[in-house]
>>> print(open('final_23.cif').read())   # mmCIF, C-alpha atoms (C1' of nucleotides)
data_structure
#
loop_
_atom_site.label_atom_id
_atom_site.label_comp_id
_atom_site.auth_asym_id
_atom_site.auth_seq_id
_atom_site.Cartn_x
_atom_site.Cartn_y
_atom_site.Cartn_z
CA MET A 24 -63.36 5.32 -10.26
CA VAL A 25 -65.09 2.46 -8.57
CA ARG A 26 -67.33 0.38 -10.73
CA PRO A 27 -66.43 -0.24 -14.37
CA ARG A 28 -68.91 -0.19 -17.23
CA GLU A 29 -70.45 -3.53 -18.04
CA PHE A 30 -70.88 -2.64 -21.71
CA ASP A 31 -68.60 -1.62 -24.55
CA GLU A 32 -69.35 2.00 -25.32
CA ALA A 33 -68.36 1.59 -28.98
CA GLU A 34 -70.66 -1.41 -29.44
CA VAL A 35 -73.59 0.42 -27.90
CA LEU A 36 -72.97 3.42 -30.12
CA SER A 37 -72.86 1.13 -33.15
CA ALA A 38 -76.21 -0.38 -32.23
CA ALA A 39 -77.72 3.07 -31.74
CA LEU A 40 -76.27 4.15 -35.07
CA LYS A 41 -78.01 1.24 -36.79
CA CYS A 42 -81.35 2.32 -35.33
CA PHE A 43 -81.03 5.99 -36.24
CA TRP A 44 -79.69 5.13 -39.69
CA ALA A 45 -82.54 2.77 -40.51
CA ARG A 46 -85.45 4.70 -39.05
CA GLY A 47 -84.32 8.30 -38.58
CA PHE A 48 -84.38 10.43 -35.47
CA GLU A 49 -88.09 10.93 -34.77
CA ALA A 50 -89.18 7.41 -35.61
CA THR A 51 -86.54 5.86 -33.36
CA SER A 52 -87.77 5.70 -29.78
CA MET A 53 -85.69 5.46 -26.64
CA ARG A 54 -87.29 2.06 -26.05
CA ASP A 55 -86.07 0.92 -29.48
CA LEU A 56 -82.59 2.06 -28.52
CA ILE A 57 -82.75 0.35 -25.13
CA ALA A 58 -83.87 -2.90 -26.75
CA ARG A 59 -81.26 -2.80 -29.55
CA THR A 60 -78.30 -1.68 -27.50
CA GLY A 61 -79.05 -4.20 -24.77
CA ILE A 62 -78.36 -1.76 -21.95
CA THR A 63 -80.86 0.02 -19.75
CA GLY A 64 -82.19 3.52 -20.16
CA ALA A 65 -80.33 4.79 -17.14
CA SER A 66 -77.03 3.57 -18.60
CA LEU A 67 -77.82 5.18 -21.94
CA TYR A 68 -78.56 8.53 -20.38
CA ASN A 69 -75.58 8.25 -18.08
CA ALA A 70 -73.13 7.44 -20.85
CA PHE A 71 -74.39 9.54 -23.77
CA GLY A 72 -76.82 12.15 -22.48
CA ASP A 73 -80.28 12.54 -23.93
CA LYS A 74 -81.65 11.24 -27.23
CA ARG A 75 -80.46 14.19 -29.28
CA ALA A 76 -76.92 13.97 -27.91
CA LEU A 77 -76.87 10.25 -28.66
CA TYR A 78 -77.99 10.96 -32.21
CA GLU A 79 -75.24 13.53 -32.63
CA LYS A 80 -72.60 11.05 -31.47
CA ALA A 81 -74.04 8.34 -33.72
CA LEU A 82 -73.91 10.70 -36.67
CA ASP A 83 -70.29 11.58 -35.89
CA ARG A 84 -69.47 7.92 -35.83
CA TYR A 85 -71.22 7.35 -39.13
CA VAL A 86 -69.27 10.17 -40.73
CA GLU A 87 -65.96 8.79 -39.49
CA GLY A 88 -66.73 5.21 -40.40
CA SER A 89 -68.41 5.75 -43.75
CA VAL A 90 -67.72 9.14 -45.26
CA ALA A 91 -64.24 9.93 -44.01
CA ALA A 92 -63.14 6.33 -44.49
CA ARG A 93 -64.26 6.35 -48.12
CA ILE A 94 -62.46 9.61 -48.79
CA GLU A 95 -59.29 8.29 -47.26
CA ARG A 96 -59.54 5.04 -49.20
CA CYS A 97 -60.02 6.85 -52.50
CA SER A 98 -57.36 9.46 -51.82
CA ALA A 99 -54.73 6.79 -52.26
CA LEU A 100 -55.65 6.47 -55.95
CA PRO A 101 -54.69 8.68 -58.88
CA PRO A 102 -57.14 11.60 -59.07
CA ARG A 103 -59.32 10.41 -61.91
CA GLU A 104 -59.59 6.88 -60.54
CA ALA A 105 -60.28 8.29 -57.09
CA ILE A 106 -63.45 9.97 -58.31
CA GLU A 107 -64.54 6.93 -60.28
CA ALA A 108 -63.89 4.58 -57.38
CA PHE A 109 -65.77 6.92 -55.06
CA PHE A 110 -68.92 6.81 -57.16
CA ALA A 111 -68.60 3.13 -57.98
CA ASP A 112 -68.60 2.46 -54.26
CA ILE A 113 -71.67 4.66 -53.74
CA VAL A 114 -73.56 2.89 -56.52
CA ALA A 115 -72.62 -0.53 -55.19
CA ARG A 116 -73.76 0.37 -51.70
CA SER A 117 -76.96 1.96 -52.92
CA LEU A 118 -77.91 -1.12 -54.94
CA GLY A 119 -76.97 -3.48 -52.11
CA ASP A 120 -79.16 -1.86 -49.49
CA PRO A 121 -82.30 -3.99 -49.07
CA ASP A 122 -83.48 -1.94 -46.08
CA ARG A 123 -83.17 1.23 -48.14
CA LYS A 124 -81.42 3.02 -45.28
CA GLY A 125 -79.63 5.31 -47.70
CA CYS A 126 -76.90 7.65 -46.48
CA MET A 127 -77.32 8.78 -42.90
CA LEU A 128 -75.69 12.11 -43.68
CA VAL A 129 -78.31 12.85 -46.34
CA ASN A 130 -81.05 11.64 -44.03
CA ALA A 131 -79.76 13.96 -41.31
CA ALA A 132 -79.55 16.82 -43.79
CA LEU A 133 -83.26 16.57 -44.49
CA GLU A 134 -84.80 15.38 -41.26
CA VAL A 135 -82.75 16.94 -38.49
CA ALA A 136 -80.57 19.72 -39.89
CA PRO A 137 -83.40 22.14 -40.74
CA HIS A 138 -84.55 22.23 -37.11
CA ASP A 139 -81.21 21.86 -35.33
CA PRO A 140 -78.47 24.45 -35.94
CA ALA A 141 -75.68 22.35 -34.42
CA ILE A 142 -76.49 19.34 -36.58
CA ARG A 143 -76.82 21.59 -39.60
CA ARG A 144 -73.36 23.00 -39.05
CA ALA A 145 -71.97 19.50 -38.67
CA VAL A 146 -73.65 18.26 -41.84
CA ALA A 147 -72.62 21.36 -43.78
CA GLY A 148 -69.05 20.84 -42.62
CA VAL A 149 -68.94 17.26 -43.86
CA LEU A 150 -70.46 18.26 -47.19
CA THR A 151 -67.76 20.87 -47.54
CA GLU A 152 -65.13 18.23 -46.82
CA ILE A 153 -66.51 16.03 -49.57
CA GLU A 154 -66.55 19.01 -51.91
CA THR A 155 -62.93 19.73 -51.01
CA PHE A 156 -61.99 16.14 -51.72
CA PHE A 157 -63.56 16.39 -55.16
CA ARG A 158 -61.87 19.72 -55.86
CA GLN A 159 -58.45 18.41 -54.92
CA CYS A 160 -58.92 15.37 -57.15
CA ILE A 161 -59.98 17.61 -60.00
CA LEU A 162 -57.11 20.05 -59.57
CA ALA A 163 -54.63 17.18 -59.47
CA GLY A 164 -56.27 15.57 -62.47
CA GLN A 165 -56.22 18.78 -64.45
CA ALA A 166 -52.55 19.14 -63.59
CA ASP A 167 -51.61 15.64 -64.76
CA GLY A 168 -53.89 15.74 -67.80
CA SER A 169 -56.36 13.08 -66.72
CA ILE A 170 -59.22 15.56 -66.21
CA ALA A 171 -60.48 18.22 -68.60
CA HIS A 172 -60.04 21.96 -68.07
CA SER A 173 -63.36 22.65 -69.76
CA GLN A 174 -64.89 23.79 -66.46
CA PRO A 175 -63.37 25.45 -63.39
CA ALA A 176 -62.39 22.96 -60.71
CA ASP A 177 -64.67 24.73 -58.21
CA ASP A 178 -67.72 24.18 -60.39
CA LEU A 179 -66.84 20.59 -61.19
CA ALA A 180 -66.44 19.84 -57.49
CA ARG A 181 -69.81 21.40 -56.70
CA HIS A 182 -71.29 19.48 -59.58
CA LEU A 183 -69.99 16.15 -58.30
CA LEU A 184 -71.27 16.97 -54.82
CA GLY A 185 -74.70 17.63 -56.27
CA ILE A 186 -74.61 14.40 -58.25
CA LEU A 187 -73.65 12.52 -55.13
CA MET A 188 -76.59 13.90 -53.15
CA GLY A 189 -78.99 13.27 -56.01
CA LEU A 190 -77.79 9.72 -56.44
CA ARG A 191 -78.42 8.94 -52.80
CA VAL A 192 -81.92 10.37 -52.91
CA LEU A 193 -82.89 8.55 -56.09
CA ALA A 194 -81.46 5.28 -54.85
CA ARG A 195 -83.92 5.26 -51.98
CA VAL A 196 -86.94 5.48 -54.23
CA ARG A 197 -85.77 3.93 -57.47
CA PRO A 198 -82.77 1.70 -56.75
CA GLU A 199 -82.24 0.77 -60.40
CA ARG A 200 -78.75 0.24 -61.79
CA ALA A 201 -79.67 1.77 -65.16
CA LEU A 202 -80.80 4.96 -63.46
CA LEU A 203 -77.83 5.36 -61.14
CA GLU A 204 -75.17 4.46 -63.69
CA GLY A 205 -76.95 6.41 -66.39
CA LEU A 206 -77.04 9.60 -64.42
CA LEU A 207 -73.36 9.17 -63.64
CA ARG A 208 -72.15 8.73 -67.24
CA PRO A 209 -72.59 12.36 -68.32
CA ALA A 210 -70.86 13.54 -65.14
CA MET A 211 -67.87 11.31 -65.86
CA ALA A 212 -67.87 12.38 -69.50
CA LEU A 213 -67.52 15.93 -68.26
CA LEU A 214 -64.19 15.02 -66.71
CA GLU A 215 -62.89 13.35 -69.87
CA PRO A 216 -59.90 15.33 -71.12
CA ARG A 217 -60.47 14.32 -74.72
CA PRO A 218 -63.31 16.51 -76.03
CA ASN A 219 -66.19 14.88 -77.89
CA MET B 18 -127.52 15.07 -47.68
CA VAL B 19 -128.64 17.08 -44.72
CA ARG B 20 -126.00 19.32 -43.24
CA PRO B 21 -123.36 20.99 -45.42
CA ARG B 22 -119.70 21.30 -44.49
CA GLU B 23 -118.80 24.47 -42.66
CA PHE B 24 -115.24 24.51 -44.04
CA ASP B 25 -113.67 24.66 -47.46
CA GLU B 26 -112.03 21.30 -48.07
CA ALA B 27 -109.37 22.80 -50.34
CA GLU B 28 -108.40 25.41 -47.77
CA VAL B 29 -108.08 22.82 -45.04
CA LEU B 30 -105.94 20.64 -47.27
CA SER B 31 -103.73 23.63 -48.04
CA ALA B 32 -103.23 24.31 -44.34
CA ALA B 33 -102.40 20.66 -43.71
CA LEU B 34 -99.98 20.73 -46.63
CA LYS B 35 -98.15 23.68 -45.08
CA CYS B 36 -97.71 21.74 -41.83
CA PHE B 37 -96.46 18.53 -43.43
CA TRP B 38 -94.22 20.46 -45.80
CA ALA B 39 -92.56 22.47 -43.05
CA ARG B 40 -92.18 19.79 -40.40
CA GLY B 41 -92.51 16.44 -42.13
CA PHE B 42 -94.87 13.58 -41.34
CA GLU B 43 -93.67 12.34 -37.96
CA ALA B 44 -93.03 15.75 -36.43
CA THR B 45 -96.45 17.06 -37.40
CA SER B 46 -99.03 16.08 -34.79
CA MET B 47 -102.77 15.82 -35.24
CA ARG B 48 -103.11 18.68 -32.77
CA ASP B 49 -100.86 20.83 -34.95
CA LEU B 50 -103.12 20.03 -37.87
CA ILE B 51 -106.29 20.74 -35.89
CA ALA B 52 -104.89 24.10 -34.75
CA ARG B 53 -103.64 25.15 -38.20
CA THR B 54 -106.61 23.99 -40.23
CA GLY B 55 -109.06 25.54 -37.78
CA ILE B 56 -111.43 22.59 -37.83
CA THR B 57 -111.89 19.92 -35.19
CA GLY B 58 -110.35 16.49 -35.11
CA ALA B 59 -113.65 14.78 -35.81
CA SER B 60 -114.12 16.84 -38.95
CA LEU B 61 -110.57 16.08 -40.10
CA TYR B 62 -111.04 12.36 -39.68
CA ASN B 63 -114.48 12.50 -41.24
CA ALA B 64 -113.32 14.35 -44.32
CA PHE B 65 -109.86 12.93 -44.96
CA GLY B 66 -109.43 9.73 -42.98
CA ASP B 67 -106.47 9.20 -40.68
CA LYS B 68 -103.17 11.08 -40.52
CA ARG B 69 -101.48 9.00 -43.17
CA ALA B 70 -104.34 9.41 -45.63
CA LEU B 71 -104.31 13.15 -45.02
CA TYR B 72 -100.57 13.22 -45.70
CA GLU B 73 -101.06 11.32 -48.94
CA LYS B 74 -103.71 13.79 -50.12
CA ALA B 75 -101.52 16.73 -49.10
CA LEU B 76 -98.61 15.28 -51.05
CA ASP B 77 -100.82 14.80 -54.10
CA ARG B 78 -101.85 18.41 -53.86
CA TYR B 79 -98.24 19.54 -53.55
CA VAL B 80 -97.30 17.58 -56.65
CA GLU B 81 -100.13 19.07 -58.66
CA GLY B 82 -99.55 22.62 -57.44
CA SER B 83 -95.76 22.70 -57.49
CA VAL B 84 -94.21 19.97 -59.60
CA ALA B 85 -96.78 19.44 -62.33
CA ALA B 86 -97.46 23.17 -62.54
CA ARG B 87 -93.76 23.92 -63.08
CA ILE B 88 -93.49 21.28 -65.79
CA GLU B 89 -96.51 22.66 -67.56
CA ARG B 90 -95.21 26.20 -67.32
CA CYS B 91 -91.81 25.26 -68.74
CA SER B 92 -93.20 23.01 -71.44
CA ALA B 93 -94.47 26.09 -73.23
CA LEU B 94 -90.88 27.20 -73.87
CA PRO B 95 -88.40 26.00 -76.51
CA PRO B 96 -86.63 22.87 -75.21
CA ARG B 97 -83.33 24.41 -74.19
CA GLU B 98 -84.98 27.37 -72.45
CA ALA B 99 -87.45 25.01 -70.78
CA ILE B 100 -84.64 23.23 -68.96
CA GLU B 101 -82.91 26.46 -68.03
CA ALA B 102 -86.13 28.06 -66.80
CA PHE B 103 -86.91 24.93 -64.81
CA PHE B 104 -83.64 25.08 -62.90
CA ALA B 105 -83.66 28.85 -62.58
CA ASP B 106 -87.01 28.52 -60.85
CA ILE B 107 -85.70 25.80 -58.53
CA VAL B 108 -82.68 27.91 -57.58
CA ALA B 109 -84.82 30.97 -56.96
CA ARG B 110 -87.21 29.04 -54.75
CA SER B 111 -84.40 27.33 -52.88
CA LEU B 112 -82.69 30.63 -52.10
CA GLY B 113 -85.96 32.30 -51.14
CA ASP B 114 -87.00 29.73 -48.55
CA PRO B 115 -86.24 31.16 -45.09
CA ASP B 116 -87.98 28.25 -43.34
CA ARG B 117 -85.83 25.81 -45.30
CA LYS B 118 -88.86 23.65 -46.09
CA GLY B 119 -87.20 22.35 -49.24
CA CYS B 120 -89.15 20.26 -51.73
CA MET B 121 -91.91 18.20 -50.16
CA LEU B 122 -91.44 15.48 -52.76
CA VAL B 123 -87.80 15.05 -51.78
CA ASN B 124 -88.74 15.17 -48.11
CA ALA B 125 -91.32 12.45 -48.70
CA ALA B 126 -88.80 10.40 -50.66
CA LEU B 127 -86.52 10.24 -47.65
CA GLU B 128 -88.82 10.30 -44.66
CA VAL B 129 -91.94 8.41 -45.69
CA ALA B 130 -91.27 6.48 -48.89
CA PRO B 131 -88.83 3.94 -47.42
CA HIS B 132 -91.45 2.73 -44.94
CA ASP B 133 -94.61 3.13 -46.99
CA PRO B 134 -94.94 1.26 -50.31
CA ALA B 135 -97.90 3.31 -51.56
CA ILE B 136 -96.12 6.61 -50.98
CA ARG B 137 -92.96 5.20 -52.54
CA ARG B 138 -94.82 4.28 -55.69
CA ALA B 139 -96.35 7.73 -55.83
CA VAL B 140 -93.00 9.46 -55.37
CA ALA B 141 -91.29 7.18 -57.87
CA GLY B 142 -94.02 7.93 -60.37
CA VAL B 143 -93.58 11.68 -60.05
CA LEU B 144 -89.81 11.35 -60.37
CA THR B 145 -90.33 9.39 -63.55
CA GLU B 146 -92.61 12.12 -64.87
CA ILE B 147 -89.91 14.71 -64.22
CA GLU B 148 -87.36 12.47 -65.94
CA THR B 149 -89.70 12.12 -68.90
CA PHE B 150 -90.11 15.89 -69.10
CA PHE B 151 -86.33 16.28 -69.23
CA ARG B 152 -85.96 13.56 -71.85
CA GLN B 153 -88.57 15.11 -74.09
CA CYS B 154 -86.91 18.51 -73.82
CA ILE B 155 -83.55 16.95 -74.67
CA LEU B 156 -84.87 14.96 -77.62
CA ALA B 157 -86.57 18.06 -79.01
CA GLY B 158 -83.44 20.12 -78.41
CA GLN B 159 -81.24 17.56 -80.09
CA ALA B 160 -83.61 17.59 -83.04
CA ASP B 161 -83.58 21.36 -83.45
CA GLY B 162 -79.87 21.69 -82.75
CA SER B 163 -80.10 23.57 -79.44
CA ILE B 164 -78.82 20.63 -77.39
CA ALA B 165 -75.71 18.50 -77.95
CA HIS B 166 -75.79 14.88 -79.08
CA SER B 167 -72.67 14.12 -77.06
CA GLN B 168 -74.65 11.93 -74.66
CA PRO B 169 -77.78 9.80 -75.14
CA ALA B 170 -80.97 11.64 -74.23
CA ASP B 171 -81.83 8.95 -71.67
CA ASP B 172 -78.60 9.54 -69.77
CA LEU B 173 -78.87 13.30 -69.96
CA ALA B 174 -82.41 13.14 -68.57
CA ARG B 175 -81.29 10.90 -65.70
CA HIS B 176 -78.41 13.24 -65.10
CA LEU B 177 -80.65 16.29 -64.85
CA LEU B 178 -82.98 14.42 -62.51
CA GLY B 179 -80.02 13.62 -60.28
CA ILE B 180 -78.84 17.21 -60.35
CA LEU B 181 -82.32 18.36 -59.41
CA MET B 182 -82.46 16.06 -56.39
CA GLY B 183 -78.96 17.03 -55.31
CA LEU B 184 -79.70 20.70 -55.62
CA ARG B 185 -82.73 20.40 -53.37
CA VAL B 186 -80.77 18.52 -50.73
CA LEU B 187 -77.84 20.91 -50.72
CA ALA B 188 -80.11 23.95 -50.61
CA ARG B 189 -81.48 22.84 -47.27
CA VAL B 190 -78.08 22.73 -45.63
CA ARG B 191 -76.04 25.21 -47.61
CA PRO B 192 -78.40 27.63 -49.33
CA GLU B 193 -75.62 29.55 -51.06
CA ARG B 194 -76.09 30.98 -54.53
CA ALA B 195 -72.49 30.22 -55.53
CA LEU B 196 -72.94 26.56 -54.67
CA LEU B 197 -76.27 26.06 -56.40
CA GLU B 198 -75.42 28.00 -59.54
CA GLY B 199 -71.90 26.58 -59.64
CA LEU B 200 -73.17 23.02 -59.52
CA LEU B 201 -75.57 23.80 -62.33
CA ARG B 202 -73.02 25.32 -64.74
CA PRO B 203 -71.30 22.07 -65.76
CA ALA B 204 -74.69 20.41 -66.26
CA MET B 205 -75.79 23.19 -68.57
CA ALA B 206 -72.45 23.12 -70.36
CA LEU B 207 -73.12 19.46 -71.08
CA LEU B 208 -76.17 20.46 -73.10
CA GLU B 209 -74.26 23.09 -75.10
CA PRO B 210 -74.24 21.99 -78.74
CA ARG B 211 -70.97 23.77 -79.45
CA PRO B 212 -68.20 21.54 -78.06
CA ASN B 213 -65.55 23.12 -75.87
"C1'" DT C 24 -63.04 -6.12 5.32
"C1'" DG C 25 -65.53 -2.17 5.36
"C1'" DT C 26 -66.27 2.55 2.93
"C1'" DG C 27 -67.27 5.24 -0.87
"C1'" DT C 28 -68.67 5.84 -5.54
"C1'" DT C 29 -70.60 4.57 -9.78
"C1'" DT C 30 -73.37 1.71 -12.53
"C1'" DT C 31 -77.17 -1.01 -12.79
"C1'" DA C 32 -82.19 -2.37 -12.94
"C1'" DT C 33 -86.94 -1.21 -12.68
"C1'" DA C 34 -90.71 1.46 -11.88
"C1'" DA C 35 -92.71 5.58 -12.37
"C1'" DC C 36 -93.20 10.31 -13.86
"C1'" DG C 37 -96.06 13.70 -16.51
"C1'" DT C 38 -96.79 14.69 -21.63
"C1'" DT C 39 -98.07 13.91 -25.88
"C1'" DT C 40 -99.39 10.75 -29.38
"C1'" DG C 41 -103.30 9.15 -32.84
"C1'" DT C 42 -107.90 8.09 -32.60
"C1'" DT C 43 -112.74 7.58 -31.03
"C1'" DC C 44 -116.99 8.35 -28.30
"C1'" DT C 45 -121.02 11.32 -26.84
"C1'" DA C 46 -123.98 14.59 -27.47
"C1'" DA C 47 -125.41 19.01 -29.19
"C1'" DA C 48 -126.22 21.77 -33.43
"C1'" DA C 49 -127.72 22.45 -38.16
"C1'" DA C 50 -130.10 21.90 -42.33
"C1'" DT C 51 -132.92 19.23 -45.94
"C1'" DC C 52 -137.01 16.80 -47.11
"C1'" DA C 53 -141.37 15.19 -45.78
"C1'" DT D 2 -143.25 21.93 -38.45
"C1'" DG D 3 -141.23 17.41 -37.45
"C1'" DA D 4 -138.17 13.61 -38.72
"C1'" DT D 5 -133.80 12.33 -40.35
"C1'" DT D 6 -129.05 12.61 -41.15
"C1'" DT D 7 -124.72 14.71 -41.12
"C1'" DT D 8 -121.44 17.66 -39.10
"C1'" DT D 9 -119.83 19.66 -35.28
"C1'" DA D 10 -117.49 20.39 -30.61
"C1'" DG D 11 -114.73 18.72 -27.00
"C1'" DA D 12 -113.92 15.44 -23.74
"C1'" DA D 13 -111.90 11.02 -23.23
"C1'" DC D 14 -109.18 6.98 -24.48
"C1'" DA D 15 -105.31 3.76 -24.17
"C1'" DA D 16 -100.74 3.63 -25.71
"C1'" DA D 17 -96.27 5.44 -26.36
"C1'" DC D 18 -93.20 9.21 -25.72
"C1'" DG D 19 -88.60 11.12 -23.40
"C1'" DT D 20 -86.85 11.38 -19.03
"C1'" DT D 21 -85.95 10.80 -14.05
"C1'" DA D 22 -86.22 8.98 -9.25
"C1'" DT D 23 -85.10 4.98 -6.19
"C1'" DA D 24 -82.68 1.54 -4.57
"C1'" DA D 25 -79.91 -2.58 -5.15
"C1'" DA D 26 -75.51 -4.35 -6.94
"C1'" DA D 27 -70.56 -4.17 -8.02
"C1'" DC D 28 -66.04 -2.86 -7.91
"C1'" DA D 29 -61.56 0.20 -6.19
"C1'" DC D 30 -59.24 1.77 -2.47
"C1'" DA D 31 -58.50 2.35 2.43
#
>>> encode(input="final_23.cif", output="structure tokens")
Amino acid sequence: MVRPREFDEAEVLSAALKCFWARGFEATSMRDLIARTGITGASLYNAFGDKRALYEKALDRYVEGSVAARIERCSALPPREAIEAFFADIVARSLGDPDRKGCMLVNAALEVAPHDPAIRRAVAGVLTEIETFFRQCILAGQADGSIAHSQPADDLARHLLGILMGLRVLARVRPERALLEGLLRPAMALLEPRPN
Amino acid sequence: MVRPREFDEAEVLSAALKCFWARGFEATSMRDLIARTGITGASLYNAFGDKRALYEKALDRYVEGSVAARIERCSALPPREAIEAFFADIVARSLGDPDRKGCMLVNAALEVAPHDPAIRRAVAGVLTEIETFFRQCILAGQADGSIAHSQPADDLARHLLGILMGLRVLARVRPERALLEGLLRPAMALLEPRPN
DNA sequence: TGTGTTTTATAACGTTTGTTCTAAAAATCA
DNA sequence: TGATTTTTAGAACAAACGTTATAAAACACA
């Protein structure tokens, strides 16, 4: 090794992530990335490979920093509160998103995944992790009595995953608190152990 | 008027719709459109305006032919069956979609709407129409006893809209019957008038 | 203090992008 | 039939695309 990097690889990846998150893959040009990261094209290609590889790394970073971090944060709570805190966080972020960037995982699921098998596998894997998180919360909640047994845990987990995806889509077009919280209430009622 | 068109405007719009639906706005080039519609670029611009205007017209046509048509079809049924038929149709289409095109309205909501106010208003309007369809079904069902009063009709309608969006996102990444039908079961159980 | 290796900067590459210009072809109305 | 007007066809446009080639600059190790 002879000459060290003049830039912080993590900072550059963060800047690239911001671009891809806000504008998507196709609409983000290499020149955008060069301008926003502050390093030259040669350095970008040298450090991360081509545009697609850079996108993949940026998506990985998003998943670690946003999705996985949220799951870990909520996992520390009792099961029922974990689910409620999870969605409360999603609603808060969706309403406080003036650029309407939405969730990069959902964006990737629709823009890139259909045409890129590797990205699709990655996205599908993360979605399965979220589903597993929900299922574990539900199983624990059903065991300690804080969540109803009215539906199988598998179905409830799938249901919450669907609600999560739907919430993130709706928030990008109609970021209204009444809509987001309203659509959530029946889902939470479904978990209520005391029947109506 | 001196020289008549040599092409059928509706056919050309259908061909353009197929392109935009399958590949999205950015990834569909004018040359793709020229090749698939079979008419020349000059004729395309003359008849429909620029690429964005063509996309807007194609999206309108999709909404009329797919979304509005489904609502009309289901509206003929009793309220509870209308909702079930609606989602059964969505699941069937999602599972029988080898190209993974998904729903063009959802695609537009994520790819185009955030950067195009006119398209966003159009998409938001259609989503509100779907929500209204759900609410009317629920109100009618609550009146005739086929749907539970456990939740306000407004919330149930929002909930179903969210489930619909989530289903269409998940189907593009994990088009598995168990997932789609499993996610739907708790939502349908929520409508069940007989409490658990 | 050279020598070797990697990163830097910039220009350039050939495509492809959306759009428009030019001119030929076609059909109605006089 | 001739004049007029629109639609065609296809080349051409400048700009932007992702990517790479070239050479200067910067450090580690001898």
>>> axis_aligned_box(input="final_23.cif", around="stretch 59-77 of chain B", padding_each_side="6 Å", output="JSON")
{"center_x": -106.5, "center_y": 12.9, "center_z": -45.0, "size_x": 27.9, "size_y": 19.8, "size_z": 30.3}
>>> atom_distance(input="final_23.cif", atom1="atom CA of A:Ala81", atom2="atom C1' of D:DA22")
27.3 Å
>>> resolve_selection(input="final_23.cif", expression="the PyMOL selection byres ((chain B) within 7 of (chain A))", output="ChimeraX atom specification")
/B:43,117,124,126-127,130-131,137,141,167-168,172-173,175-176,179-184,186,189-191,196,199-203,212-213
>>> closest_residue(input="final_23.cif", among="D:DA10, D:DA4, D:DA17, D:DC28", to="chain B", atoms="only C-alpha atoms (C1' of nucleotides)")
D:DA10
>>> closest_atom_pairs(input="final_23.cif", of="chain D", to="chain B", cutoff="7 Å", atoms="only C-alpha atoms (C1' of nucleotides)", output="CSV")
residue,atom,partner,partner_atom,distance
D:DT6,C1',B:Val19,CA,5.7
D:DT7,C1',B:Arg20,CA,5.2
D:DT8,C1',B:Arg20,CA,6.4
>>> atom_distance(input="final_23.cif", atom1="atom CA of A:Glu79", atom2="atom CA of A:Met127")
11.5 Å
>>> interface_residues(input="final_23.cif", of="chain C", to="chain A", cutoff="7 Å", atoms="all atoms listed in the file", output="list in words")
DT28, DT29 and DT30 of chain C
>>> residues_near_point(input="final_23.cif", point="(-88.2, 25.4, -72.0)", cutoff="12 Å", atoms="all atoms listed in the file", output="number ranges by chain")
B: 87-106, 150-151, 153-155, 157-158, 163-164
>>> closest_residue(input="final_23.cif", among="A:Lys74, A:Phe43, A:Asp31, A:Arg116", to="D:DT20", atoms="all atoms listed in the file")
A:Lys74
>>> atom_distance(input="final_23.cif", atom1="atom C1' of C:DT24", atom2="atom C1' of D:DA27")
15.4 Å
>>> resolve_selection(input="final_23.cif", expression="the PyMOL selection byres ((chain D and resi 16) around 12)", output="PyMOL selection string")
(chain C and resi 39-42) or (chain D and resi 14-15+17-18)
>>> resolve_selection(input="final_23.cif", expression="the PyMOL selection byres ((chain C and resi 25) around 12)", output="NGL selection string")
(:C and (24 or 26-27)) or (:D and (30-31))
>>> decode(input="final_23.cif", residues="stretch 51-59 of chain A", atoms="N, CA and C atoms", output="mmCIF file, in the first residue's frame")
data_model
loop_
_atom_site.group_PDB
_atom_site.id
_atom_site.type_symbol
_atom_site.label_atom_id
_atom_site.label_comp_id
_atom_site.auth_asym_id
_atom_site.auth_seq_id
_atom_site.Cartn_x
_atom_site.Cartn_y
_atom_site.Cartn_z
ATOM 1 N N THR A 51 -30.779 9.052 -10.927
ATOM 2 C CA THR A 51 -29.538 9.551 -10.355
ATOM 3 C C THR A 51 -28.403 9.282 -11.329
ATOM 4 N N SER A 52 -27.746 10.344 -11.794
ATOM 5 C CA SER A 52 -26.663 10.159 -12.758
ATOM 6 C C SER A 52 -25.315 10.088 -12.045
ATOM 7 N N MET A 53 -24.355 9.511 -12.727
ATOM 8 C CA MET A 53 -23.006 9.461 -12.177
ATOM 9 C C MET A 53 -22.489 10.861 -11.869
ATOM 10 N N ARG A 54 -22.883 11.826 -12.703
ATOM 11 C CA ARG A 54 -22.426 13.205 -12.463
ATOM 12 C C ARG A 54 -23.063 13.780 -11.197
ATOM 13 N N ASP A 55 -24.322 13.427 -10.935
ATOM 14 C CA ASP A 55 -24.929 13.777 -9.645
ATOM 15 C C ASP A 55 -24.068 13.233 -8.507
ATOM 16 N N LEU A 56 -23.748 11.949 -8.626
ATOM 17 C CA LEU A 56 -23.014 11.277 -7.554
ATOM 18 C C LEU A 56 -21.639 11.901 -7.360
ATOM 19 N N ILE A 57 -20.967 12.217 -8.472
ATOM 20 C CA ILE A 57 -19.651 12.840 -8.392
ATOM 21 C C ILE A 57 -19.759 14.197 -7.694
ATOM 22 N N ALA A 58 -20.792 14.968 -8.052
ATOM 23 C CA ALA A 58 -20.958 16.287 -7.449
ATOM 24 C C ALA A 58 -21.267 16.180 -5.959
ATOM 25 N N ARG A 59 -22.165 15.251 -5.583
ATOM 26 C CA ARG A 59 -22.614 15.155 -4.196
ATOM 27 C C ARG A 59 -21.614 14.484 -3.276
#
